[in-house]
>>> print(open('start.txt').read())   # compact mmCIF, N, CA and C atoms
# COMPACT_ATOMS: atom_id res chain seq x y z
N MET C 1 116.86 -7.95 -127.44
CA MET C 1 116.22 -8.29 -126.17
C MET C 1 115.06 -7.32 -125.96
N ASP C 2 113.87 -7.87 -125.74
CA ASP C 2 112.73 -7.00 -125.55
C ASP C 2 112.58 -6.61 -124.08
N SER C 3 111.64 -5.73 -123.82
CA SER C 3 111.46 -5.17 -122.49
C SER C 3 111.11 -6.23 -121.45
N HIS C 4 110.31 -7.20 -121.85
CA HIS C 4 109.90 -8.26 -120.92
C HIS C 4 111.11 -9.10 -120.49
N ASP C 5 111.99 -9.42 -121.43
CA ASP C 5 113.19 -10.19 -121.10
C ASP C 5 114.11 -9.41 -120.17
N GLU C 6 114.24 -8.12 -120.41
CA GLU C 6 115.08 -7.28 -119.54
C GLU C 6 114.55 -7.26 -118.12
N ILE C 7 113.25 -7.19 -117.97
CA ILE C 7 112.64 -7.17 -116.64
C ILE C 7 112.87 -8.51 -115.93
N GLU C 8 112.73 -9.60 -116.65
CA GLU C 8 112.96 -10.92 -116.04
C GLU C 8 114.42 -11.10 -115.64
N ILE C 9 115.33 -10.65 -116.49
CA ILE C 9 116.76 -10.75 -116.18
C ILE C 9 117.08 -9.90 -114.95
N ALA C 10 116.56 -8.68 -114.91
CA ALA C 10 116.82 -7.79 -113.77
C ALA C 10 116.24 -8.37 -112.49
N ASP C 11 115.08 -8.99 -112.56
CA ASP C 11 114.48 -9.60 -111.38
C ASP C 11 115.34 -10.77 -110.90
N ARG C 12 115.80 -11.59 -111.80
CA ARG C 12 116.66 -12.72 -111.45
C ARG C 12 117.98 -12.25 -110.82
N ILE C 13 118.58 -11.22 -111.40
CA ILE C 13 119.82 -10.66 -110.85
C ILE C 13 119.59 -10.10 -109.45
N SER C 14 118.48 -9.40 -109.27
CA SER C 14 118.17 -8.81 -107.97
C SER C 14 117.99 -9.88 -106.90
N ARG C 15 117.32 -10.96 -107.26
CA ARG C 15 117.12 -12.05 -106.30
C ARG C 15 118.43 -12.76 -105.98
N ARG C 16 119.26 -12.94 -107.00
CA ARG C 16 120.57 -13.57 -106.76
C ARG C 16 121.47 -12.66 -105.94
N ARG C 17 121.33 -11.36 -106.13
CA ARG C 17 122.15 -10.41 -105.37
C ARG C 17 121.84 -10.52 -103.88
N VAL C 18 120.57 -10.70 -103.54
CA VAL C 18 120.20 -10.85 -102.13
C VAL C 18 120.88 -12.08 -101.55
N LEU C 19 120.75 -13.21 -102.22
CA LEU C 19 121.34 -14.45 -101.72
C LEU C 19 122.87 -14.34 -101.67
N GLY C 20 123.46 -13.79 -102.71
CA GLY C 20 124.92 -13.63 -102.74
C GLY C 20 125.43 -12.71 -101.66
N THR C 21 124.70 -11.64 -101.39
CA THR C 21 125.10 -10.71 -100.34
C THR C 21 125.03 -11.36 -98.97
N VAL C 22 123.97 -12.11 -98.73
CA VAL C 22 123.83 -12.81 -97.43
C VAL C 22 124.95 -13.83 -97.27
N LEU C 23 125.18 -14.63 -98.29
CA LEU C 23 126.23 -15.65 -98.20
C LEU C 23 127.62 -15.03 -98.02
N ALA C 24 127.88 -13.95 -98.75
CA ALA C 24 129.19 -13.28 -98.62
C ALA C 24 129.37 -12.69 -97.23
N ALA C 25 128.33 -12.06 -96.70
CA ALA C 25 128.42 -11.46 -95.36
C ALA C 25 128.59 -12.54 -94.29
N LEU C 26 127.83 -13.62 -94.39
CA LEU C 26 127.94 -14.69 -93.40
C LEU C 26 129.30 -15.39 -93.48
N ALA C 27 129.80 -15.58 -94.69
CA ALA C 27 131.13 -16.19 -94.84
C ALA C 27 132.19 -15.27 -94.25
N PHE C 28 132.10 -13.99 -94.53
CA PHE C 28 133.04 -13.01 -93.99
C PHE C 28 133.03 -13.02 -92.46
N LEU C 29 131.84 -12.94 -91.89
CA LEU C 29 131.73 -12.92 -90.43
C LEU C 29 132.16 -14.26 -89.82
N GLY C 30 131.82 -15.35 -90.48
CA GLY C 30 132.23 -16.66 -90.00
C GLY C 30 133.74 -16.83 -89.96
N VAL C 31 134.40 -16.38 -91.01
CA VAL C 31 135.87 -16.46 -91.05
C VAL C 31 136.47 -15.58 -89.97
N GLN C 32 135.88 -14.42 -89.74
CA GLN C 32 136.41 -13.52 -88.73
C GLN C 32 136.23 -14.09 -87.33
N ILE C 33 135.13 -14.80 -87.10
CA ILE C 33 134.91 -15.41 -85.78
C ILE C 33 135.93 -16.53 -85.56
N VAL C 34 136.20 -17.31 -86.60
CA VAL C 34 137.12 -18.44 -86.46
C VAL C 34 138.58 -17.98 -86.45
N ALA C 35 138.93 -17.12 -87.38
CA ALA C 35 140.35 -16.78 -87.57
C ALA C 35 140.83 -15.59 -86.74
N ARG C 36 140.00 -14.57 -86.61
CA ARG C 36 140.39 -13.33 -85.92
C ARG C 36 141.84 -12.95 -86.25
N PRO C 37 142.12 -12.60 -87.49
CA PRO C 37 143.50 -12.40 -87.91
C PRO C 37 144.24 -11.29 -87.17
N VAL C 38 143.54 -10.30 -86.71
CA VAL C 38 144.20 -9.17 -86.05
C VAL C 38 144.64 -9.52 -84.63
N PHE C 39 143.95 -10.42 -84.00
CA PHE C 39 144.21 -10.73 -82.60
C PHE C 39 145.15 -11.93 -82.39
N ARG C 40 145.77 -12.40 -83.42
CA ARG C 40 146.70 -13.52 -83.26
C ARG C 40 148.01 -13.01 -82.69
N SER C 41 148.55 -13.73 -81.74
CA SER C 41 149.78 -13.30 -81.09
C SER C 41 151.02 -13.93 -81.71
N ASP C 42 150.83 -14.87 -82.64
CA ASP C 42 151.98 -15.55 -83.23
C ASP C 42 152.55 -14.82 -84.45
N GLY C 43 151.98 -13.68 -84.81
CA GLY C 43 152.49 -12.92 -85.94
C GLY C 43 152.00 -13.41 -87.28
N TYR C 44 151.18 -14.45 -87.29
CA TYR C 44 150.69 -15.03 -88.54
C TYR C 44 149.87 -14.03 -89.34
N GLY C 45 148.97 -13.33 -88.67
CA GLY C 45 148.09 -12.40 -89.37
C GLY C 45 148.74 -11.08 -89.72
N ALA C 46 149.88 -10.78 -89.13
CA ALA C 46 150.52 -9.48 -89.36
C ALA C 46 151.66 -9.56 -90.35
N SER C 47 151.84 -10.70 -90.99
CA SER C 47 152.98 -10.84 -91.89
C SER C 47 152.52 -10.96 -93.33
N GLY C 48 153.24 -10.32 -94.22
CA GLY C 48 153.02 -10.45 -95.65
C GLY C 48 151.62 -10.06 -96.10
N TRP C 49 151.09 -10.83 -97.03
CA TRP C 49 149.79 -10.52 -97.62
C TRP C 49 148.66 -10.69 -96.62
N ARG C 50 148.86 -11.49 -95.60
CA ARG C 50 147.80 -11.73 -94.61
C ARG C 50 147.42 -10.44 -93.86
N ALA C 51 148.37 -9.53 -93.74
CA ALA C 51 148.09 -8.27 -93.05
C ALA C 51 147.09 -7.43 -93.83
N TYR C 52 147.00 -7.66 -95.13
CA TYR C 52 146.13 -6.85 -95.98
C TYR C 52 144.91 -7.62 -96.49
N ALA C 53 144.81 -8.90 -96.18
CA ALA C 53 143.70 -9.71 -96.67
C ALA C 53 142.37 -9.25 -96.07
N TRP C 54 142.34 -9.01 -94.77
CA TRP C 54 141.08 -8.60 -94.14
C TRP C 54 140.60 -7.25 -94.67
N PRO C 55 141.43 -6.18 -94.70
CA PRO C 55 140.89 -4.90 -95.20
C PRO C 55 140.52 -4.97 -96.68
N PHE C 56 141.24 -5.76 -97.46
CA PHE C 56 140.90 -5.92 -98.87
C PHE C 56 139.55 -6.61 -99.01
N ASN C 57 139.34 -7.67 -98.25
CA ASN C 57 138.07 -8.40 -98.28
C ASN C 57 136.92 -7.51 -97.82
N ALA C 58 137.11 -6.79 -96.73
CA ALA C 58 136.06 -5.90 -96.23
C ALA C 58 135.73 -4.81 -97.25
N SER C 59 136.75 -4.28 -97.91
CA SER C 59 136.53 -3.24 -98.93
C SER C 59 135.73 -3.78 -100.10
N LEU C 60 136.08 -4.97 -100.56
CA LEU C 60 135.33 -5.56 -101.67
C LEU C 60 133.88 -5.84 -101.30
N LEU C 61 133.67 -6.30 -100.08
CA LEU C 61 132.30 -6.56 -99.65
C LEU C 61 131.49 -5.28 -99.56
N LEU C 62 132.11 -4.20 -99.10
CA LEU C 62 131.39 -2.93 -99.00
C LEU C 62 131.02 -2.38 -100.38
N LEU C 63 131.76 -2.78 -101.40
CA LEU C 63 131.41 -2.36 -102.75
C LEU C 63 130.06 -2.93 -103.19
N LEU C 64 129.62 -4.02 -102.54
CA LEU C 64 128.32 -4.58 -102.86
C LEU C 64 127.18 -3.62 -102.55
N LEU C 65 127.45 -2.65 -101.69
CA LEU C 65 126.41 -1.67 -101.33
C LEU C 65 126.28 -0.56 -102.37
N LEU C 66 127.23 -0.44 -103.26
CA LEU C 66 127.18 0.60 -104.27
C LEU C 66 126.35 0.15 -105.47
N PRO C 67 125.61 1.05 -106.07
CA PRO C 67 124.80 0.67 -107.24
C PRO C 67 125.64 0.65 -108.53
N ILE C 68 126.63 -0.22 -108.57
CA ILE C 68 127.52 -0.24 -109.73
C ILE C 68 127.47 -1.57 -110.47
N GLY C 69 126.63 -2.49 -110.05
CA GLY C 69 126.61 -3.80 -110.68
C GLY C 69 125.76 -3.84 -111.94
N GLY C 70 125.92 -4.89 -112.70
CA GLY C 70 125.10 -5.13 -113.86
C GLY C 70 125.62 -4.59 -115.17
N TYR C 71 126.90 -4.28 -115.25
CA TYR C 71 127.43 -3.73 -116.50
C TYR C 71 127.44 -4.75 -117.63
N VAL C 72 127.44 -6.00 -117.31
CA VAL C 72 127.47 -7.06 -118.32
C VAL C 72 126.16 -7.09 -119.09
N TRP C 73 125.05 -6.77 -118.42
CA TRP C 73 123.74 -6.93 -119.02
C TRP C 73 123.24 -5.69 -119.74
N GLY C 74 123.94 -4.59 -119.67
CA GLY C 74 123.52 -3.39 -120.39
C GLY C 74 122.88 -2.35 -119.51
N ARG C 75 122.69 -1.18 -120.08
CA ARG C 75 122.21 -0.02 -119.34
C ARG C 75 120.80 -0.21 -118.80
N ARG C 76 119.91 -0.76 -119.59
CA ARG C 76 118.51 -0.90 -119.17
C ARG C 76 118.38 -1.89 -118.00
N VAL C 77 119.05 -3.02 -118.09
CA VAL C 77 118.98 -4.01 -117.00
C VAL C 77 119.64 -3.43 -115.75
N ARG C 78 120.76 -2.75 -115.92
CA ARG C 78 121.44 -2.13 -114.78
C ARG C 78 120.53 -1.11 -114.10
N ALA C 79 119.79 -0.34 -114.88
CA ALA C 79 118.87 0.64 -114.31
C ALA C 79 117.74 -0.05 -113.55
N LEU C 80 117.29 -1.19 -114.05
CA LEU C 80 116.23 -1.92 -113.36
C LEU C 80 116.74 -2.57 -112.07
N VAL C 81 117.95 -3.09 -112.10
CA VAL C 81 118.53 -3.73 -110.91
C VAL C 81 118.82 -2.69 -109.84
N ASN C 82 119.38 -1.57 -110.25
CA ASN C 82 119.76 -0.51 -109.31
C ASN C 82 118.73 0.61 -109.35
N ASP C 83 117.48 0.24 -109.16
CA ASP C 83 116.40 1.23 -109.20
C ASP C 83 116.39 2.08 -107.94
N GLU C 84 115.43 2.96 -107.85
CA GLU C 84 115.36 3.88 -106.71
C GLU C 84 115.16 3.14 -105.39
N VAL C 85 114.40 2.07 -105.41
CA VAL C 85 114.17 1.29 -104.18
C VAL C 85 115.48 0.65 -103.72
N SER C 86 116.23 0.09 -104.65
CA SER C 86 117.51 -0.54 -104.30
C SER C 86 118.51 0.49 -103.79
N ARG C 87 118.58 1.64 -104.43
CA ARG C 87 119.48 2.69 -103.96
C ARG C 87 119.06 3.19 -102.58
N ASN C 88 117.76 3.30 -102.35
CA ASN C 88 117.29 3.72 -101.03
C ASN C 88 117.62 2.66 -99.98
N ASN C 89 117.44 1.39 -100.32
CA ASN C 89 117.80 0.32 -99.39
C ASN C 89 119.28 0.36 -99.04
N SER C 90 120.10 0.66 -100.01
CA SER C 90 121.54 0.78 -99.77
C SER C 90 121.84 1.95 -98.84
N ARG C 91 121.16 3.06 -99.07
CA ARG C 91 121.35 4.23 -98.20
C ARG C 91 120.90 3.96 -96.77
N VAL C 92 119.78 3.31 -96.62
CA VAL C 92 119.26 3.01 -95.27
C VAL C 92 120.21 2.05 -94.55
N ALA C 93 120.66 1.00 -95.24
CA ALA C 93 121.58 0.04 -94.63
C ALA C 93 122.90 0.71 -94.27
N THR C 94 123.38 1.58 -95.13
CA THR C 94 124.63 2.28 -94.87
C THR C 94 124.49 3.24 -93.69
N ALA C 95 123.37 3.94 -93.62
CA ALA C 95 123.13 4.86 -92.50
C ALA C 95 123.03 4.10 -91.18
N ALA C 96 122.34 2.97 -91.18
CA ALA C 96 122.23 2.16 -89.97
C ALA C 96 123.60 1.63 -89.55
N ALA C 97 124.40 1.22 -90.53
CA ALA C 97 125.75 0.73 -90.23
C ALA C 97 126.64 1.86 -89.71
N PHE C 98 126.43 3.06 -90.21
CA PHE C 98 127.18 4.21 -89.70
C PHE C 98 126.93 4.38 -88.20
N TRP C 99 125.67 4.32 -87.79
CA TRP C 99 125.36 4.49 -86.37
C TRP C 99 125.89 3.35 -85.54
N LEU C 100 125.88 2.15 -86.09
CA LEU C 100 126.50 1.02 -85.38
C LEU C 100 128.00 1.24 -85.27
N ALA C 101 128.62 1.76 -86.32
CA ALA C 101 130.06 2.03 -86.27
C ALA C 101 130.39 3.09 -85.21
N MET C 102 129.55 4.11 -85.10
CA MET C 102 129.78 5.12 -84.08
C MET C 102 129.65 4.51 -82.68
N PHE C 103 128.66 3.67 -82.49
CA PHE C 103 128.49 3.01 -81.20
C PHE C 103 129.69 2.12 -80.89
N MET C 104 130.12 1.33 -81.87
CA MET C 104 131.27 0.44 -81.66
C MET C 104 132.54 1.25 -81.37
N ALA C 105 132.71 2.36 -82.07
CA ALA C 105 133.89 3.20 -81.83
C ALA C 105 133.87 3.76 -80.41
N LEU C 106 132.71 4.16 -79.94
CA LEU C 106 132.61 4.65 -78.57
C LEU C 106 132.87 3.54 -77.56
N VAL C 107 132.39 2.35 -77.84
CA VAL C 107 132.66 1.21 -76.95
C VAL C 107 134.15 0.93 -76.90
N VAL C 108 134.79 0.93 -78.05
CA VAL C 108 136.24 0.68 -78.10
C VAL C 108 136.98 1.78 -77.34
N TYR C 109 136.50 3.01 -77.45
CA TYR C 109 137.15 4.12 -76.76
C TYR C 109 137.06 3.98 -75.24
N VAL C 110 135.90 3.54 -74.74
CA VAL C 110 135.73 3.48 -73.29
C VAL C 110 136.23 2.17 -72.68
N LEU C 111 136.69 1.25 -73.50
CA LEU C 111 137.27 0.03 -72.93
C LEU C 111 138.44 0.41 -72.03
N PRO C 112 138.63 -0.32 -70.97
CA PRO C 112 139.72 0.03 -70.06
C PRO C 112 141.08 -0.03 -70.77
N PRO C 113 141.97 0.87 -70.40
CA PRO C 113 143.30 0.88 -71.00
C PRO C 113 144.05 -0.44 -70.80
N SER C 114 143.66 -1.20 -69.78
CA SER C 114 144.34 -2.48 -69.54
C SER C 114 144.10 -3.48 -70.67
N VAL C 115 143.06 -3.27 -71.46
CA VAL C 115 142.81 -4.14 -72.60
C VAL C 115 143.94 -3.99 -73.61
N GLY C 116 144.45 -2.78 -73.75
CA GLY C 116 145.60 -2.52 -74.61
C GLY C 116 145.38 -2.83 -76.08
N LEU C 117 144.31 -2.30 -76.65
CA LEU C 117 144.05 -2.53 -78.07
C LEU C 117 144.99 -1.69 -78.94
N THR C 118 145.49 -2.30 -80.00
CA THR C 118 146.25 -1.54 -80.98
C THR C 118 145.27 -0.84 -81.92
N ALA C 119 145.78 0.04 -82.75
CA ALA C 119 144.92 0.73 -83.71
C ALA C 119 144.30 -0.26 -84.69
N ARG C 120 145.06 -1.26 -85.12
CA ARG C 120 144.52 -2.29 -86.02
C ARG C 120 143.39 -3.06 -85.35
N GLU C 121 143.57 -3.42 -84.11
CA GLU C 121 142.54 -4.17 -83.40
C GLU C 121 141.28 -3.33 -83.21
N ALA C 122 141.45 -2.06 -82.90
CA ALA C 122 140.31 -1.17 -82.73
C ALA C 122 139.56 -1.00 -84.05
N ALA C 123 140.28 -0.79 -85.13
CA ALA C 123 139.64 -0.67 -86.45
C ALA C 123 138.90 -1.96 -86.80
N TYR C 124 139.52 -3.08 -86.52
CA TYR C 124 138.91 -4.38 -86.79
C TYR C 124 137.61 -4.53 -86.01
N LEU C 125 137.61 -4.13 -84.74
CA LEU C 125 136.42 -4.25 -83.91
C LEU C 125 135.29 -3.33 -84.36
N VAL C 126 135.63 -2.27 -85.07
CA VAL C 126 134.60 -1.36 -85.58
C VAL C 126 134.13 -1.79 -86.97
N VAL C 127 135.07 -2.08 -87.85
CA VAL C 127 134.73 -2.34 -89.25
C VAL C 127 134.07 -3.70 -89.48
N THR C 128 134.55 -4.73 -88.80
CA THR C 128 134.02 -6.07 -89.06
C THR C 128 132.52 -6.18 -88.77
N PRO C 129 132.06 -5.85 -87.57
CA PRO C 129 130.62 -6.00 -87.34
C PRO C 129 129.77 -5.03 -88.16
N THR C 130 130.26 -3.84 -88.38
CA THR C 130 129.44 -2.88 -89.14
C THR C 130 129.37 -3.24 -90.61
N SER C 131 130.43 -3.80 -91.16
CA SER C 131 130.38 -4.26 -92.55
C SER C 131 129.39 -5.40 -92.71
N GLY C 132 129.48 -6.36 -91.82
CA GLY C 132 128.53 -7.46 -91.87
C GLY C 132 127.10 -7.00 -91.67
N PHE C 133 126.90 -6.08 -90.72
CA PHE C 133 125.57 -5.55 -90.47
C PHE C 133 125.03 -4.81 -91.68
N ALA C 134 125.85 -3.99 -92.32
CA ALA C 134 125.41 -3.23 -93.49
C ALA C 134 124.97 -4.17 -94.61
N LEU C 135 125.75 -5.20 -94.86
CA LEU C 135 125.42 -6.14 -95.93
C LEU C 135 124.15 -6.93 -95.60
N LEU C 136 124.03 -7.40 -94.37
CA LEU C 136 122.84 -8.15 -94.00
C LEU C 136 121.59 -7.27 -93.97
N ALA C 137 121.74 -6.03 -93.53
CA ALA C 137 120.60 -5.10 -93.55
C ALA C 137 120.17 -4.80 -94.97
N PHE C 138 121.13 -4.58 -95.87
CA PHE C 138 120.80 -4.33 -97.27
C PHE C 138 120.09 -5.54 -97.87
N ALA C 139 120.60 -6.73 -97.61
CA ALA C 139 119.98 -7.94 -98.16
C ALA C 139 118.56 -8.12 -97.61
N TRP C 140 118.37 -7.83 -96.33
CA TRP C 140 117.04 -7.95 -95.75
C TRP C 140 116.08 -6.95 -96.37
N LEU C 141 116.52 -5.70 -96.52
CA LEU C 141 115.67 -4.68 -97.14
C LEU C 141 115.34 -5.03 -98.59
N GLU C 142 116.33 -5.54 -99.30
CA GLU C 142 116.11 -5.94 -100.70
C GLU C 142 115.14 -7.12 -100.78
N SER C 143 115.31 -8.10 -99.92
CA SER C 143 114.41 -9.25 -99.97
C SER C 143 112.98 -8.83 -99.61
N ARG C 144 112.86 -7.92 -98.67
CA ARG C 144 111.54 -7.41 -98.31
C ARG C 144 110.90 -6.66 -99.49
N ALA C 145 111.70 -5.87 -100.19
CA ALA C 145 111.20 -5.13 -101.34
C ALA C 145 110.81 -6.08 -102.47
N LEU C 146 111.61 -7.12 -102.67
CA LEU C 146 111.27 -8.08 -103.72
C LEU C 146 110.03 -8.88 -103.37
N ARG C 147 109.85 -9.16 -102.11
CA ARG C 147 108.67 -9.90 -101.65
C ARG C 147 107.42 -9.04 -101.81
N ASP C 148 107.54 -7.75 -101.51
CA ASP C 148 106.40 -6.84 -101.60
C ASP C 148 106.10 -6.45 -103.05
N GLY C 149 107.16 -6.47 -103.87
CA GLY C 149 107.13 -5.94 -105.21
C GLY C 149 106.23 -6.55 -106.17
>>> encode(input="start.txt", output="structure tokens")
Amino acid sequence: MDSHDEIEIADRISRRRVLGTVLAALAFLGVQIVARPVFRSDGYGASGWRAYAWPFNASLLLLLLLPIGGYVWGRRVRALVNDEVSRNNSRVATAAAFWLAMFMALVVYVLPPSVGLTAREAAYLVVTPTSGFALLAFAWLESRALRDG
């Protein structure tokens, strides 16, 4: 594989990563809006594997922010896909999501005690929007970089 082919493959992977990240984040947020597994009162979301499906899914989605992809295509393509701009975009999106998480945590803290949130519900209210925000911010920054690039 010559250098030109590696650059084309890396560009294609980078563009697909943006679309895949947006679709994954929107699907995640959409399911959370519809299902809200933590807030179900019938015990459906707190039993068996369902109790761990949301944190497992959120963890896997957050891995999309790490520069670890592209092992199938080799070291050179991986370096092109996870270049300095991409790593910086990941850092910026993660930092912005951190501040959103701090804001959400403070909001959850000041909610009236009559709301009666459990620890799982509070974690859900912090992690779900910030995970989605981090992924969408990263995808937006990446698409902007690819457009400018």
>>> residues_around(input="start.txt", residues="Ala105 (chain C)", least_positions_apart="5", cutoff="6.5 Å", atoms="all atoms listed in the file", output="mmCIF file with N, CA and C atoms, in the frame of the given file")
data_model
loop_
_atom_site.group_PDB
_atom_site.id
_atom_site.type_symbol
_atom_site.label_atom_id
_atom_site.label_comp_id
_atom_site.auth_asym_id
_atom_site.auth_seq_id
_atom_site.Cartn_x
_atom_site.Cartn_y
_atom_site.Cartn_z
ATOM 1 N N LEU C 100 125.880 2.150 -86.090
ATOM 2 C CA LEU C 100 126.500 1.020 -85.380
ATOM 3 C C LEU C 100 128.000 1.240 -85.270
ATOM 4 N N VAL C 110 135.900 3.540 -74.740
ATOM 5 C CA VAL C 110 135.730 3.480 -73.290
ATOM 6 C C VAL C 110 136.230 2.170 -72.680
ATOM 7 N N VAL C 126 135.630 -2.270 -85.070
ATOM 8 C CA VAL C 126 134.600 -1.360 -85.580
ATOM 9 C C VAL C 126 134.130 -1.790 -86.970
#
>>> closest_residue(input="start.txt", among="C:Ala35, C:Arg76, C:Val115, C:Val18", to="Ala139 (chain C)", atoms="all atoms listed in the file")
C:Val18
>>> closest_residue(input="start.txt", among="C:Arg12, C:Arg36, C:Arg87, C:Arg144", to="Leu65 (chain C)", atoms="all atoms listed in the file")
C:Arg87
>>> closest_residue(input="start.txt", among="C:Leu80, C:Arg15, C:Ala97, C:Ile68", to="Ser131 (chain C)", atoms="all atoms listed in the file")
C:Ala97
>>> residues_near_point(input="start.txt", point="(111.7, -1.4, -104.1)", cutoff="8 Å", atoms="only N, CA and C atoms", output="VMD selection string")
chain C and resid 83 to 89 141 to 142 144 to 146 148 to 149
>>> atom_distance(input="start.txt", atom1="CA of Trp54 (chain C)", atom2="atom C of Met102 (chain C)")
20.8 Å
>>> atom_distance(input="start.txt", atom1="atom N of Ala24 (chain C)", atom2="CA of Asp5 (chain C)")
27.0 Å
>>> select_by_dssp(input="start.txt", residues="region 8-147 of chain C", states="helix (DSSP H, G or I)", output="JSON, numbers by chain")
{"C": [8, 9, 10, 11, 12, 13, 14, 15, 16, 17, 18, 19, 20, 21, 22, 23, 24, 25, 26, 27, 28, 29, 30, 31, 32, 33, 34, 35, 37, 38, 39, 50, 51, 52, 53, 54, 55, 56, 57, 58, 59, 60, 61, 62, 63, 64, 65, 75, 76, 77, 78, 79, 80, 81, 84, 85, 86, 87, 88, 89, 90, 91, 92, 93, 94, 95, 96, 97, 98, 99, 100, 101, 102, 103, 104, 105, 106, 107, 108, 109, 110, 113, 114, 115, 119, 120, 121, 122, 123, 124, 125, 126, 127, 128, 129, 130, 131, 132, 133, 134, 135, 136, 137, 138, 139, 140, 141, 142, 143, 144, 145, 146, 147]}
>>> closest_residue(input="start.txt", among="C:Val38, C:Leu60, C:Leu23, C:Ala51", to="Tyr124 (chain C)", atoms="only C-alpha atoms")
C:Val38
>>> residues_around(input="start.txt", residues="Phe133 (chain C)", least_positions_apart="3", cutoff="7 Å", atoms="all atoms listed in the file", output="list in words")
Ala93, Ala96, Ala97, Thr128, Pro129, Thr130, Leu136, Ala137 and Phe138 of chain C
>>> closest_residue(input="start.txt", among="C:Leu29, C:Ala122, C:Val34, C:Ile7", to="Leu106 (chain C)", atoms="only C-alpha atoms")
C:Ala122
>>> decode(input="start.txt", residues="region 22-41 of chain C", atoms="N, CA and C atoms", output="PDB file, in the first residue's frame")
ATOM      1  N   VAL C  22     -22.009  10.362  15.368  1.00  0.00           N
ATOM      2  CA  VAL C  22     -23.282  11.097  15.459  1.00  0.00           C
ATOM      3  C   VAL C  22     -24.440  10.115  15.572  1.00  0.00           C
ATOM      4  N   LEU C  23     -24.457   9.105  14.722  1.00  0.00           N
ATOM      5  CA  LEU C  23     -25.554   8.127  14.761  1.00  0.00           C
ATOM      6  C   LEU C  23     -25.589   7.368  16.085  1.00  0.00           C
ATOM      7  N   ALA C  24     -24.422   6.984  16.583  1.00  0.00           N
ATOM      8  CA  ALA C  24     -24.370   6.256  17.860  1.00  0.00           C
ATOM      9  C   ALA C  24     -24.851   7.139  19.012  1.00  0.00           C
ATOM     10  N   ALA C  25     -24.431   8.399  19.026  1.00  0.00           N
ATOM     11  CA  ALA C  25     -24.855   9.312  20.097  1.00  0.00           C
ATOM     12  C   ALA C  25     -26.353   9.581  20.029  1.00  0.00           C
ATOM     13  N   LEU C  26     -26.874   9.817  18.829  1.00  0.00           N
ATOM     14  CA  LEU C  26     -28.310  10.081  18.698  1.00  0.00           C
ATOM     15  C   LEU C  26     -29.142   8.850  19.041  1.00  0.00           C
ATOM     16  N   ALA C  27     -28.664   7.677  18.649  1.00  0.00           N
ATOM     17  CA  ALA C  27     -29.386   6.445  19.007  1.00  0.00           C
ATOM     18  C   ALA C  27     -29.378   6.249  20.515  1.00  0.00           C
ATOM     19  N   PHE C  28     -28.232   6.469  21.139  1.00  0.00           N
ATOM     20  CA  PHE C  28     -28.117   6.342  22.590  1.00  0.00           C
ATOM     21  C   PHE C  28     -29.067   7.302  23.304  1.00  0.00           C
ATOM     22  N   LEU C  29     -29.035   8.562  22.902  1.00  0.00           N
ATOM     23  CA  LEU C  29     -29.899   9.555  23.536  1.00  0.00           C
ATOM     24  C   LEU C  29     -31.373   9.280  23.245  1.00  0.00           C
ATOM     25  N   GLY C  30     -31.671   8.848  22.033  1.00  0.00           N
ATOM     26  CA  GLY C  30     -33.051   8.520  21.684  1.00  0.00           C
ATOM     27  C   GLY C  30     -33.609   7.379  22.518  1.00  0.00           C
ATOM     28  N   VAL C  31     -32.814   6.347  22.700  1.00  0.00           N
ATOM     29  CA  VAL C  31     -33.250   5.217  23.532  1.00  0.00           C
ATOM     30  C   VAL C  31     -33.442   5.663  24.969  1.00  0.00           C
ATOM     31  N   GLN C  32     -32.571   6.527  25.446  1.00  0.00           N
ATOM     32  CA  GLN C  32     -32.688   6.987  26.831  1.00  0.00           C
ATOM     33  C   GLN C  32     -33.929   7.848  27.023  1.00  0.00           C
ATOM     34  N   ILE C  33     -34.286   8.632  26.017  1.00  0.00           N
ATOM     35  CA  ILE C  33     -35.494   9.458  26.115  1.00  0.00           C
ATOM     36  C   ILE C  33     -36.732   8.570  26.134  1.00  0.00           C
ATOM     37  N   VAL C  34     -36.731   7.528  25.313  1.00  0.00           N
ATOM     38  CA  VAL C  34     -37.901   6.650  25.224  1.00  0.00           C
ATOM     39  C   VAL C  34     -37.973   5.688  26.410  1.00  0.00           C
ATOM     40  N   ALA C  35     -36.857   5.053  26.726  1.00  0.00           N
ATOM     41  CA  ALA C  35     -36.887   3.964  27.715  1.00  0.00           C
ATOM     42  C   ALA C  35     -36.661   4.426  29.152  1.00  0.00           C
ATOM     43  N   ARG C  36     -35.767   5.377  29.355  1.00  0.00           N
ATOM     44  CA  ARG C  36     -35.392   5.822  30.714  1.00  0.00           C
ATOM     45  C   ARG C  36     -35.310   4.635  31.675  1.00  0.00           C
ATOM     46  N   PRO C  37     -34.359   3.747  31.480  1.00  0.00           N
ATOM     47  CA  PRO C  37     -34.333   2.507  32.249  1.00  0.00           C
ATOM     48  C   PRO C  37     -34.180   2.693  33.755  1.00  0.00           C
ATOM     49  N   VAL C  38     -33.548   3.744  34.179  1.00  0.00           N
ATOM     50  CA  VAL C  38     -33.307   3.945  35.608  1.00  0.00           C
ATOM     51  C   VAL C  38     -34.574   4.410  36.329  1.00  0.00           C
ATOM     52  N   PHE C  39     -35.438   5.095  35.636  1.00  0.00           N
ATOM     53  CA  PHE C  39     -36.606   5.696  36.267  1.00  0.00           C
ATOM     54  C   PHE C  39     -37.872   4.828  36.186  1.00  0.00           C
ATOM     55  N   ARG C  40     -37.750   3.614  35.767  1.00  0.00           N
ATOM     56  CA  ARG C  40     -38.926   2.743  35.708  1.00  0.00           C
ATOM     57  C   ARG C  40     -39.269   2.251  37.103  1.00  0.00           C
ATOM     58  N   SER C  41     -40.531   2.263  37.426  1.00  0.00           N
ATOM     59  CA  SER C  41     -40.961   1.856  38.761  1.00  0.00           C
ATOM     60  C   SER C  41     -41.379   0.392  38.822  1.00  0.00           C
TER      61      SER C  41
END
